[in-house]
Structure formats: structure tokens, C-alpha cells
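Remarks on the structure that follows.
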Amino acid sequence: MAEIELKLAVPAGALTRLRGRLRRLGEPSCQVLDTTYFDTPERLLGGQGLALRLRRQGRQWVQTLKSGDASAALSARGEWERLVPRRALDLRGLPADARQVLQAAGLDARAVATLRPGFRTRFRRSTWLVEHDGTQIEVALDEGEVIAGKRRAPLCELEFELKAGAAAALLDLALQVVAPRRGAPLALVPLPESKAARGARLALGAQPEVAKAQARRVAAGIEAGMSASAALRRVLANGLDVLLANASGLAESDEPEFVHQARVALRRTRSAVRLLGRDADLPEALIEEMHWIAGALGPARDADVLHADTLPPLLAQLPAALRADAAALQLTARTRQRAARGAARAAIRSARFAVFALRLMQWCATPPRGRGATLSQLASRRLARAHRKLIEAGAFFCALAPAERHRVRILAKRLRYALDLFACALPGRATSDYVEALSALQDRLGALNDAAVAAERLPQLTSATALIEAIGAALHAAQGGAEVLVQAERELAALSRMTQPWRGKKGT
């Protein structure tokens with residue numbers, strides 16, 4: 001049986017107002033649920049997205065196996081549930097398709113014998129069964145904790161589970177609870193991590209994992225014959241999953257890569273909007289919100305790069321006479337980094353971000369209107385335009401001002417993301433050669449940009465003129481001086497002469 005559900009994190013400050021809104025749904029049924037999750041010592045199940053649990057519901061014991069994607073806030077998972085006579089697993093009673101899932105995961109008889117309790121969840125569940133827009137939705141508020149040995153973590157989340165009907169109606173109901181027409185919106189951000197995943201992480205004492213915004217993940221599932229509108233929905237849904245996973249990590253960790261990968265996910269999705277948005281019906285308000293959250297994360301990423309990557313090797317080269325000023329500069333850079341990360345964290349925990357995420361999910365779950373042009377039909381024209389803009393902006397690169405060089409870097413990134421998006425409609429070998437050359441150019445332009453950002457930020461961090469001049473000279477030397485500009489200009493010229501893969505794209 002398939003399960004479609006949406007999970008929202010409930011911060012303590014929103015709980016009272018949320019309860020008031022949920023009372024409008026009627027009188028809930030309430031019960032205390034005590035659940036134990038099982039796995040092998042090697043995490044054979046959890047490592048493959050499976051969850052096996054025993055749950056006590058009143059006097060009954062319910063055994064459940066779940067499979068599928070447990071890392072998306074709006075998830076569709078396989079679920080097999082059955083009553084068992086006592087507090088003990090009974091895998092023999094599972095239906096054939098569930099046993100096949102376990103066998104495919106490598107859970108043979110020997111592995112079954114090693115299954116052990118890993119962690120527990122214990123919470124009070126208040127449940128409402130709602131008829132909404134021709135659908136049936138179960139709304140559940142869970143309040144309790146996750147327990148793994150001596151480790152404990154609070155658990156407070158709101159779930160919307162689709163019992164019958166379309167997923168778009170589920171999201172519509174969630175928005176009515178989170179952002180009603182009357183009343184301020186609540187900061188209930190979609191939660192990508194399942195209870196099982198959180199419990200396993202608590203048991204291991206592990207930090208959240210960074211979700212990489214790789215092309216194959218953000219563009220997963222798109223095909224050359226898809227309409228632009230359908231493809232854009234798929235890309236935005238994938239990109240939002242990556243953004244939410246990293247936002248969840250940023251909420252509890254100072255690891256800089258969470259901010260980095262969240263920004264990459266946003267850049268990939270915004271690039272797709274530029275390329276396909278005119279052929280879809282994406283509301284302008286959602287585009288504006290993408291711009292807002294990108295702006296909220298940008299200063300944090302710049303501060304991370306400056307403090308952790310750019311400054312340390314430069315400061316290490318300075319003479320002893322400048323070390324006191326250098327130490328003060330590094331301390332100021334660290335303070336700015338913490339402030340920028342705090343601002344980014346506040347943004348991804350906000351009601352504004354929660355509403356944006358839900359509305360984007362809702363749009364992605366809504367079927368596109370009409371057929372429209374396909375990716376294969378659009379690839380050549382859109383890629384040729386992106387290529388032309390890059391080459392024209394990069395002409396006489398050595399003579400460009402830093403702001404103009406930054407624009408060339410942005411255009412190179414946009415072209416790269418466009419190639420990733422249209423890759424399903426392009427010939428493999430020619431595309432690989434072109435992307436390799438473009439990636440080398442991107443690396444060079446990125447190093448130049450990091451140096452330019454550092455030079456721009458220095459006067460904001462210190463008033464020591466001698467220190468600024470010394471770091472500026474070190475930056476110039478580290479980047480290879482004028483030669484790096486010459487090399488970038490050569491690479492741009494070489495790229496302009498390469499075979500453009502979209503001219504020999506599939507289907508032509």
C-alpha cells in the first residue's frame with residue numbers, strides 16, 4: 001500500500017496558535033504511541049531507506065514496514081501494516097511484495113536473526129479525519145520525544161496523510177492551517193527527515209547529512225519529450241527537496257556546506273525558471289520568493305568563504321609586524337560569519353519560508369495546462385542564446401572591471417546549469433567535452449571572484465591600511481596576477497570555437 005504524507009516541523013513558539021487552528025477541524029481522537037524501530041547492526045534496512053517498527057496502540061501491537069523516499073517533506077512511500085499478537089516481529093506474515101522488498105535489501109534468514117531494537121519514539125498523537133475538496137486527509141499532531149539509549153530529542157510535528165484523492169488538495173489544506181486568510185502565518189517549515197531517519201541519527205550520535213545539489217538529483221526524472229511546464233515542475237520539486245534538506249541541517253549545524261548546497265539548489269532551480277518559465281505558468285510571486293531566500297543565504301556563503309577559505313592562507317604569509325592586526329581581522333571576519341549565518345538561519349526558520357515552500361510544492365503537484373513545447377524542441381534555441389551571452393560578455397576579458405568579470409562568471413554558471421537541464425536532449429560525447437571546458441573556466445572565474453569579494457570586504461573588516469595593502473598584494477600574487485586574466489580570456493575564446501553540442505542534439 002502506498003502512503004503519501006506531508007510533514008511539518010512545529011517550533012515551540014507556534015504550538016499554542018497551531019492548536020487553536022486545529023480545533024476548527026473538530027474534536028480530535030487522541031492516543032499515546034510507543035514505537036520501537038529495528039535494524040541490523042550494519043543498518044541494512046535504514047541504509048536503503050527502509051523502516052521496520054513495532055508500535056503499541058492501546059492494547060494492540062502493530063508491525064509496519066515502510067520503503068521509499070524518506071528524505072522528502074512530501075513523500076510517497078510503500079507501507080505494509082499488520083497486527084501482531086505480541087511485542088515481537090513476525091516477518092513471515094508480511095505480504096509477498098513486502099517480503100520481496102526485504103529480500104532485495106539483502107535481509108536473508110541470517111540477517112533477520114540479527115535484527116535488534118535501535119531506538120524508540122514515544123508521543124501523544126491527536127488525529128483529525130478531514131474531508132477536503134473531494135479528498136480524505138488525516139491530520140495528526142505528534143508531541144513527544146525520540147529516545148536512543150541515554151540520548152533524547154524532542155519530537156513535535158504536524159502530518160497530513162492523504163487517504164484518498166489528489167496530493168494538491170493535501171497541500172491546499174496544509175496552507176489553510178499554516179497561512180489562513182485571517183491570522184498571521186505560522187513557521188511550520190516542511191520537514192524532510194522521517195522519524196526513523198532522525199531516530200537512527202540520534203542513535204548513532206551523527207550530525208545531519210548535507211544534501212548535494214548535483215545535476216543528476218535536481219534534474220532526476222526529466223526526459224527530452226517532456227513539456228517545459230512538466231519538466232519545470234519536476235526540477236523545482238527536486239530542487240526544493242534539496243533546499244529543505246539543507247535548511248533542516250543548517251537549523252541545527254554550523255557546517256558551511258549546508259548553506260553552500262542550499263544556494264546551489266536555488267541557483268539550479270532559478271536557472272530552470274529562466275529557461276522554462278515563459279513556457280510554464282509559474283506565478284511571479286514564487287519567483288520573487290526564490291530571489292528573497294537566495295538573497296538571505298548569499299551573505300552567509302560569502303562570509304564562510306572569506307573566513308574559512310580565502311583569509312587563512314593569506315594571513316599566514318604576512319610579516320610579524322602585521323600579525324596583531326591580522327588576528328583582529330580574522331576575529332572580525334568570524335563575528336561577521338556568525339551574524340550572517342544567524343540571519344540565514346532565521347530566514348529558513350521563518351513563516352515566510354514555510355509558506356513559500358508549501359506554495360511551491362502545491363504548484364509542482366498541480367498538473368500543467370496543455371502540452372506546450374518539449375525540452376528537445378527548446379534545447380537548441382535556449383542553449384545557443386546562453387552561449388552567445390557568455391561569449392559576448394567575456395569579450396576582451398582582461399580589460400573588464402571586477403563587476404563585469406563577475407557577470408561573466410554568473411553567465412558561465414547559468415550556461416552550465418542549462419546544459420545540465422537539457423542534457424537528456426543532447427548527444428553525450430560532445431556535451432561532455434564542452435562541459436569539461438566550461439567547468440575549467442568556471443573554476444578560474446570562481447577563484448577570481450573570491451579574490452574580488454575579499455578585496456571588497458577588507459575595508460569593512462579593518463581600518464589598518466598597511467594590512468589591507470599587504471593582503472591585496474598577497475591576493476594578487478596568489479591568483480597569478482595578470483596571467484590568470486589572460487588565461488581566462490584564452491579559455492573563453494577556446495570555448496567559443498568548440499563544437500556546440502546542441503547543434504547536433506538528439507532528434508535532429
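If you're wondering about the labels, chains in the C-alpha cells are A, B, ... by order shown, residues count from 1 in each chain, ligands from 1 in order shown.
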
Let's see if you can do this: from backbone DSSP, list all alpha helix (DSSP H) residues in segment 198-330 of chain A, as number ranges by chain. A: 198-204, 215-218, 228-250, 256-276, 284-304, 311-315, 323-330

So that I can check the surroundings of Leu18 of chain A, please list as a PyMOL selection string every protein, DNA and RNA residue that reaches within 12 Å of it, counting only C-alpha atoms and ignoring chain neighbours fewer than 4 positions away. chain A and resi 8-14+22-25+140-141+156-158+174+176-180+183-188

Near Leu441 of chain A, counting only C-alpha atoms, which residues have an atom at most 10 Å away, once you skip same-chain residues fewer than 4 positions from it, shown as a short mmCIF file (atom, residue, chain, number, x, y, z; two decimals) with all heavy atoms, in the first residue's frame?
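To be explicit, this is the file written out as out04.cif:
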```
data_model
loop_
_atom_site.label_atom_id
_atom_site.label_comp_id
_atom_site.auth_asym_id
_atom_site.auth_seq_id
_atom_site.Cartn_x
_atom_site.Cartn_y
_atom_site.Cartn_z
N ARG A 409 31.16 35.35 -14.88
CA ARG A 409 31.10 34.15 -14.04
C ARG A 409 29.66 33.68 -13.87
O ARG A 409 29.37 32.46 -13.97
CB ARG A 409 31.72 34.44 -12.68
CG ARG A 409 31.56 33.35 -11.66
CD ARG A 409 32.28 33.70 -10.37
NE ARG A 409 31.94 32.78 -9.31
CZ ARG A 409 30.97 32.98 -8.41
NH1 ARG A 409 30.25 34.09 -8.45
NH2 ARG A 409 30.73 32.10 -7.46
N ALA A 412 28.47 32.06 -17.03
CA ALA A 412 29.07 30.73 -17.20
C ALA A 412 28.33 29.70 -16.36
O ALA A 412 28.06 28.57 -16.81
CB ALA A 412 30.54 30.77 -16.82
N LYS A 413 27.96 30.07 -15.13
CA LYS A 413 27.20 29.15 -14.28
C LYS A 413 25.83 28.86 -14.87
O LYS A 413 25.36 27.72 -14.88
CB LYS A 413 27.04 29.76 -12.88
CG LYS A 413 28.24 29.56 -11.97
CD LYS A 413 27.89 29.90 -10.55
CE LYS A 413 29.06 29.53 -9.64
NZ LYS A 413 28.74 29.74 -8.22
N VAL A 435 31.27 20.61 -21.59
CA VAL A 435 31.12 20.84 -20.16
C VAL A 435 32.48 20.83 -19.46
O VAL A 435 32.72 21.61 -18.53
CB VAL A 435 30.18 19.78 -19.54
CG1 VAL A 435 30.27 19.79 -18.02
CG2 VAL A 435 28.74 20.04 -19.98
N GLU A 436 33.38 19.97 -19.89
CA GLU A 436 34.73 19.93 -19.29
C GLU A 436 35.44 21.26 -19.46
O GLU A 436 36.04 21.79 -18.51
CB GLU A 436 35.54 18.81 -19.93
CG GLU A 436 36.91 18.62 -19.29
CD GLU A 436 37.67 17.46 -19.89
OE1 GLU A 436 37.10 16.70 -20.70
OE2 GLU A 436 38.88 17.30 -19.55
N ALA A 437 35.36 21.83 -20.66
CA ALA A 437 35.99 23.12 -20.91
C ALA A 437 35.31 24.23 -20.12
O ALA A 437 35.96 25.12 -19.55
CB ALA A 437 35.96 23.45 -22.40
N LEU A 445 37.17 31.48 -13.01
CA LEU A 445 36.35 32.66 -12.72
C LEU A 445 35.93 32.69 -11.26
O LEU A 445 35.83 33.76 -10.65
CB LEU A 445 35.11 32.66 -13.62
CG LEU A 445 35.36 32.80 -15.13
CD1 LEU A 445 34.06 32.66 -15.89
CD2 LEU A 445 36.03 34.13 -15.45
N GLY A 446 35.71 31.51 -10.67
CA GLY A 446 35.35 31.45 -9.26
C GLY A 446 36.47 31.93 -8.36
O GLY A 446 36.24 32.66 -7.39
N GLN A 487 44.68 33.94 -19.14
CA GLN A 487 44.28 32.55 -19.30
C GLN A 487 42.76 32.42 -19.40
O GLN A 487 42.25 31.64 -20.22
CB GLN A 487 44.80 31.72 -18.12
CG GLN A 487 44.58 30.23 -18.27
CD GLN A 487 45.24 29.65 -19.50
OE1 GLN A 487 46.32 30.09 -19.90
NE2 GLN A 487 44.60 28.68 -20.13
N ALA A 488 42.04 33.18 -18.59
CA ALA A 488 40.58 33.14 -18.67
C ALA A 488 40.10 33.63 -20.03
O ALA A 488 39.16 33.07 -20.61
CB ALA A 488 39.98 34.01 -17.56
N GLU A 489 40.75 34.65 -20.56
CA GLU A 489 40.37 35.16 -21.89
C GLU A 489 40.63 34.11 -22.95
O GLU A 489 39.82 33.93 -23.88
CB GLU A 489 41.16 36.44 -22.18
CG GLU A 489 40.72 37.14 -23.46
CD GLU A 489 41.31 38.52 -23.59
OE1 GLU A 489 40.90 39.42 -22.83
OE2 GLU A 489 42.20 38.70 -24.46
N ARG A 490 41.74 33.39 -22.83
CA ARG A 490 42.04 32.31 -23.79
C ARG A 490 41.00 31.20 -23.71
O ARG A 490 40.58 30.65 -24.73
CB ARG A 490 43.43 31.75 -23.50
CG ARG A 490 44.59 32.67 -23.88
CD ARG A 490 45.89 32.08 -23.38
NE ARG A 490 47.02 32.95 -23.70
CZ ARG A 490 48.19 32.89 -23.08
NH1 ARG A 490 48.39 31.99 -22.11
NH2 ARG A 490 49.17 33.71 -23.42
N GLU A 491 40.60 30.86 -22.49
CA GLU A 491 39.61 29.79 -22.31
C GLU A 491 38.25 30.19 -22.88
O GLU A 491 37.54 29.36 -23.45
CB GLU A 491 39.51 29.42 -20.84
CG GLU A 491 40.74 28.69 -20.31
CD GLU A 491 40.71 28.46 -18.82
OE1 GLU A 491 39.86 29.09 -18.15
OE2 GLU A 491 41.52 27.66 -18.32
N LEU A 492 37.89 31.44 -22.73
CA LEU A 492 36.64 31.93 -23.32
C LEU A 492 36.70 31.85 -24.84
O LEU A 492 35.73 31.43 -25.50
CB LEU A 492 36.38 33.37 -22.88
CG LEU A 492 35.73 33.54 -21.50
CD1 LEU A 492 35.95 34.95 -20.97
CD2 LEU A 492 34.24 33.24 -21.58
N LEU A 495 36.41 28.24 -25.89
CA LEU A 495 35.04 27.77 -25.75
C LEU A 495 34.18 28.25 -26.92
O LEU A 495 33.31 27.53 -27.41
CB LEU A 495 34.45 28.27 -24.42
CG LEU A 495 33.11 27.67 -23.99
CD1 LEU A 495 33.30 26.22 -23.58
CD2 LEU A 495 32.51 28.46 -22.82
#
```

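Counting only C-alpha atoms, the residue from A:Leu250, A:Ile391, A:Leu358, A:Val235 that sits nearest to Gly342 of chain A is A:Leu250.
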
If I take atom CA of Met226 of chain A and atom CA of Leu378 of chain A, how far is one from the other in Å, to one decimal? 10.7 Å

Using only C-alpha atoms, which of A:Gly277, A:Thr465, A:Lys7, A:Val210 sits nearest Leu155 of chain A? A:Lys7

Tell me which protein, DNA and RNA residues are within 9 Å of segment 45-59 of chain A, counting only C-alpha atoms, leaving out same-chain ones fewer than 2 positions away, and put them as number ranges by chain. A: 31-40, 42-43, 61-71, 84, 87-89, 101-102, 105-107, 117, 196-197, 200

Between A:Arg151, A:Arg405, A:His307, A:Arg414, single out the one closest to Ala454 of chain A, counting only C-alpha atoms. A:His307

Give me, as CSV, the closest atom pair and its distance (Å, one decimal) for every residue of segment 198-224 of chain A within a cut-off of 12 Å of segment 142-145 of chain A, counting only C-alpha atoms, rows sorted by chain and rising number.
```
residue,atom,partner,partner_atom,distance
A:Arg198,CA,A:Glu145,CA,10.8
A:Gly199,CA,A:Glu145,CA,9.7
A:Leu202,CA,A:Glu145,CA,11.2
```

Output all heavy atoms of each residue in that selection to a file, as a PDB file, in the first residue's frame.
```
ATOM      1  N   ARG A 198      15.552  10.335  11.808  1.00  0.00           N
ATOM      2  CA  ARG A 198      16.001  11.115  12.963  1.00  0.00           C
ATOM      3  C   ARG A 198      16.407  10.207  14.112  1.00  0.00           C
ATOM      4  O   ARG A 198      17.406  10.454  14.796  1.00  0.00           O
ATOM      5  CB  ARG A 198      14.895  12.071  13.413  1.00  0.00           C
ATOM      6  CG  ARG A 198      14.877  13.378  12.637  1.00  0.00           C
ATOM      7  CD  ARG A 198      13.688  14.230  13.014  1.00  0.00           C
ATOM      8  NE  ARG A 198      12.482  13.743  12.359  1.00  0.00           N
ATOM      9  CZ  ARG A 198      11.251  14.031  12.731  1.00  0.00           C
ATOM     10  NH1 ARG A 198      11.053  14.785  13.793  1.00  0.00           N
ATOM     11  NH2 ARG A 198      10.212  13.573  12.067  1.00  0.00           N
ATOM     12  N   GLY A 199      15.635   9.147  14.325  1.00  0.00           N
ATOM     13  CA  GLY A 199      15.982   8.221  15.400  1.00  0.00           C
ATOM     14  C   GLY A 199      17.303   7.521  15.146  1.00  0.00           C
ATOM     15  O   GLY A 199      18.122   7.371  16.065  1.00  0.00           O
ATOM     16  N   LEU A 202      20.065   9.913  15.835  1.00  0.00           N
ATOM     17  CA  LEU A 202      20.248  10.104  17.277  1.00  0.00           C
ATOM     18  C   LEU A 202      20.981   8.912  17.881  1.00  0.00           C
ATOM     19  O   LEU A 202      21.883   9.077  18.721  1.00  0.00           O
ATOM     20  CB  LEU A 202      18.890  10.293  17.944  1.00  0.00           C
ATOM     21  CG  LEU A 202      18.911  10.577  19.452  1.00  0.00           C
ATOM     22  CD1 LEU A 202      19.521  11.950  19.719  1.00  0.00           C
ATOM     23  CD2 LEU A 202      17.495  10.516  20.031  1.00  0.00           C
TER      24      LEU A 202
END
```

What separates atom CA of Glu289 of chain A and atom CA of Glu257 of chain A is a distance of 22.1 Å

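Here atom CA of Arg278 of chain A is placed at a distance of 15.4 Å from atom CA of Trp363 of chain A.
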
Select from segment 30-178 of chain A everything DSSP, run on the backbone, classes as strand (DSSP E), then give the selection as a count of residues only. 82

Set the distance at 9 Å and use only C-alpha atoms: which residues neighbour segment 415-420 of chain A once local chain neighbours fewer than 6 positions away are removed? I'd like the list as a PyMOL selection string. chain A and resi 215-216+219+267-268+271-272+275+379+382-383+386-387+390+426+431+435+438-439+442

Neighbours of Pro190 of chain A within 12 Å (only C-alpha atoms; same-chain residues fewer than 6 positions away dropped), as a short mmCIF file (atom, residue, chain, number, x, y, z; two decimals) with N, CA and C atoms, in the first residue's frame?
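Writing done, so here's result_38.cif:
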```cif
data_model
loop_
_atom_site.label_atom_id
_atom_site.label_comp_id
_atom_site.auth_asym_id
_atom_site.auth_seq_id
_atom_site.Cartn_x
_atom_site.Cartn_y
_atom_site.Cartn_z
N GLU A 5 2.35 11.49 2.34
CA GLU A 5 2.19 12.34 3.51
C GLU A 5 3.11 13.55 3.43
N LEU A 6 2.70 14.58 4.15
CA LEU A 6 3.47 15.81 4.27
C LEU A 6 3.76 16.03 5.74
N LYS A 7 5.03 16.29 6.06
CA LYS A 7 5.43 16.53 7.45
C LYS A 7 5.88 17.98 7.61
N LEU A 8 5.43 18.61 8.69
CA LEU A 8 5.84 19.98 9.00
C LEU A 8 6.42 20.02 10.40
N ALA A 9 7.57 20.68 10.56
CA ALA A 9 8.16 20.85 11.89
C ALA A 9 7.37 21.92 12.64
N VAL A 10 7.11 21.67 13.91
CA VAL A 10 6.34 22.62 14.73
C VAL A 10 7.27 23.20 15.80
N PRO A 11 7.69 24.45 15.67
CA PRO A 11 8.51 25.06 16.72
C PRO A 11 7.68 25.34 17.97
N SER A 71 13.36 11.08 2.60
CA SER A 71 14.12 12.32 2.72
C SER A 71 13.42 13.48 2.05
N ALA A 72 12.13 13.37 1.79
CA ALA A 72 11.37 14.45 1.18
C ALA A 72 10.22 14.83 2.10
N ALA A 73 9.94 16.12 2.21
CA ALA A 73 8.86 16.57 3.09
C ALA A 73 7.50 16.04 2.61
N LEU A 74 7.30 16.04 1.29
CA LEU A 74 6.10 15.42 0.71
C LEU A 74 6.56 14.09 0.12
N SER A 75 6.27 13.01 0.82
CA SER A 75 6.85 11.72 0.44
C SER A 75 5.77 10.74 0.02
N GLU A 157 5.68 17.54 15.48
CA GLU A 157 5.46 17.71 14.05
C GLU A 157 3.99 17.53 13.71
N LEU A 158 3.62 18.13 12.59
CA LEU A 158 2.26 18.03 12.08
C LEU A 158 2.31 17.26 10.77
N GLU A 159 1.48 16.22 10.67
CA GLU A 159 1.45 15.39 9.47
C GLU A 159 0.10 15.48 8.77
N PHE A 160 0.15 15.51 7.45
CA PHE A 160 -1.05 15.43 6.63
C PHE A 160 -0.89 14.19 5.75
N LEU A 171 -1.92 19.67 0.08
CA LEU A 171 -1.13 20.89 0.26
C LEU A 171 -2.02 22.10 0.47
N ALA A 174 -2.99 22.06 4.06
CA ALA A 174 -1.85 22.46 4.89
C ALA A 174 -1.68 23.98 4.87
N LEU A 175 -1.84 24.59 3.71
CA LEU A 175 -1.72 26.05 3.61
C LEU A 175 -2.85 26.75 4.37
N VAL A 178 -1.54 26.62 7.93
CA VAL A 178 -0.32 27.40 8.16
C VAL A 178 -0.52 28.88 7.86
N LEU A 240 13.60 21.79 -4.49
CA LEU A 240 13.05 22.16 -3.19
C LEU A 240 13.37 21.10 -2.15
N ASP A 241 13.36 19.83 -2.54
CA ASP A 241 13.74 18.76 -1.60
C ASP A 241 15.17 18.98 -1.10
N VAL A 242 16.08 19.31 -2.02
CA VAL A 242 17.48 19.55 -1.63
C VAL A 242 17.58 20.78 -0.75
N LEU A 243 16.87 21.84 -1.12
CA LEU A 243 16.89 23.07 -0.32
C LEU A 243 16.38 22.81 1.09
N LEU A 244 15.26 22.09 1.22
CA LEU A 244 14.69 21.82 2.55
C LEU A 244 15.59 20.93 3.39
N ALA A 245 16.23 19.94 2.75
CA ALA A 245 17.13 19.06 3.50
C ALA A 245 18.30 19.87 4.07
N ASN A 246 18.85 20.78 3.29
CA ASN A 246 19.98 21.58 3.77
C ASN A 246 19.53 22.67 4.74
N ALA A 247 18.31 23.19 4.55
CA ALA A 247 17.77 24.15 5.51
C ALA A 247 17.59 23.47 6.87
N SER A 248 17.12 22.22 6.86
CA SER A 248 16.96 21.47 8.10
C SER A 248 18.32 21.26 8.78
N ILE A 348 15.41 30.69 7.13
CA ILE A 348 14.91 29.35 6.79
C ILE A 348 14.02 28.77 7.90
N ARG A 349 13.98 29.45 9.04
CA ARG A 349 13.05 29.04 10.11
C ARG A 349 11.77 29.87 10.12
N SER A 350 11.66 30.83 9.21
CA SER A 350 10.58 31.81 9.27
C SER A 350 9.28 31.30 8.69
N ALA A 351 8.18 31.97 9.05
CA ALA A 351 6.88 31.67 8.46
C ALA A 351 6.89 31.97 6.96
N PHE A 353 9.33 31.57 4.83
CA PHE A 353 9.95 30.44 4.13
C PHE A 353 9.01 29.24 4.12
N ALA A 354 8.31 29.01 5.25
CA ALA A 354 7.38 27.88 5.32
C ALA A 354 6.28 28.02 4.27
N VAL A 355 5.71 29.22 4.15
CA VAL A 355 4.64 29.44 3.18
C VAL A 355 5.15 29.32 1.76
N PHE A 356 6.33 29.87 1.50
CA PHE A 356 6.93 29.74 0.16
C PHE A 356 7.09 28.27 -0.22
N ALA A 357 7.65 27.47 0.69
CA ALA A 357 7.89 26.06 0.39
C ALA A 357 6.59 25.32 0.10
N LEU A 358 5.56 25.57 0.89
CA LEU A 358 4.28 24.90 0.69
C LEU A 358 3.62 25.32 -0.62
N ARG A 359 3.70 26.60 -0.94
CA ARG A 359 3.08 27.07 -2.18
C ARG A 359 3.83 26.54 -3.41
N LEU A 360 5.15 26.43 -3.30
CA LEU A 360 5.89 25.86 -4.42
C LEU A 360 5.57 24.38 -4.57
N MET A 361 5.47 23.65 -3.46
CA MET A 361 5.06 22.25 -3.52
C MET A 361 3.69 22.11 -4.17
#
```

Counting only C-alpha atoms, the residue of A:Ala473, A:Ala452, A:Pro299, A:Tyr434 that sits nearest Ala494 of chain A: A:Tyr434
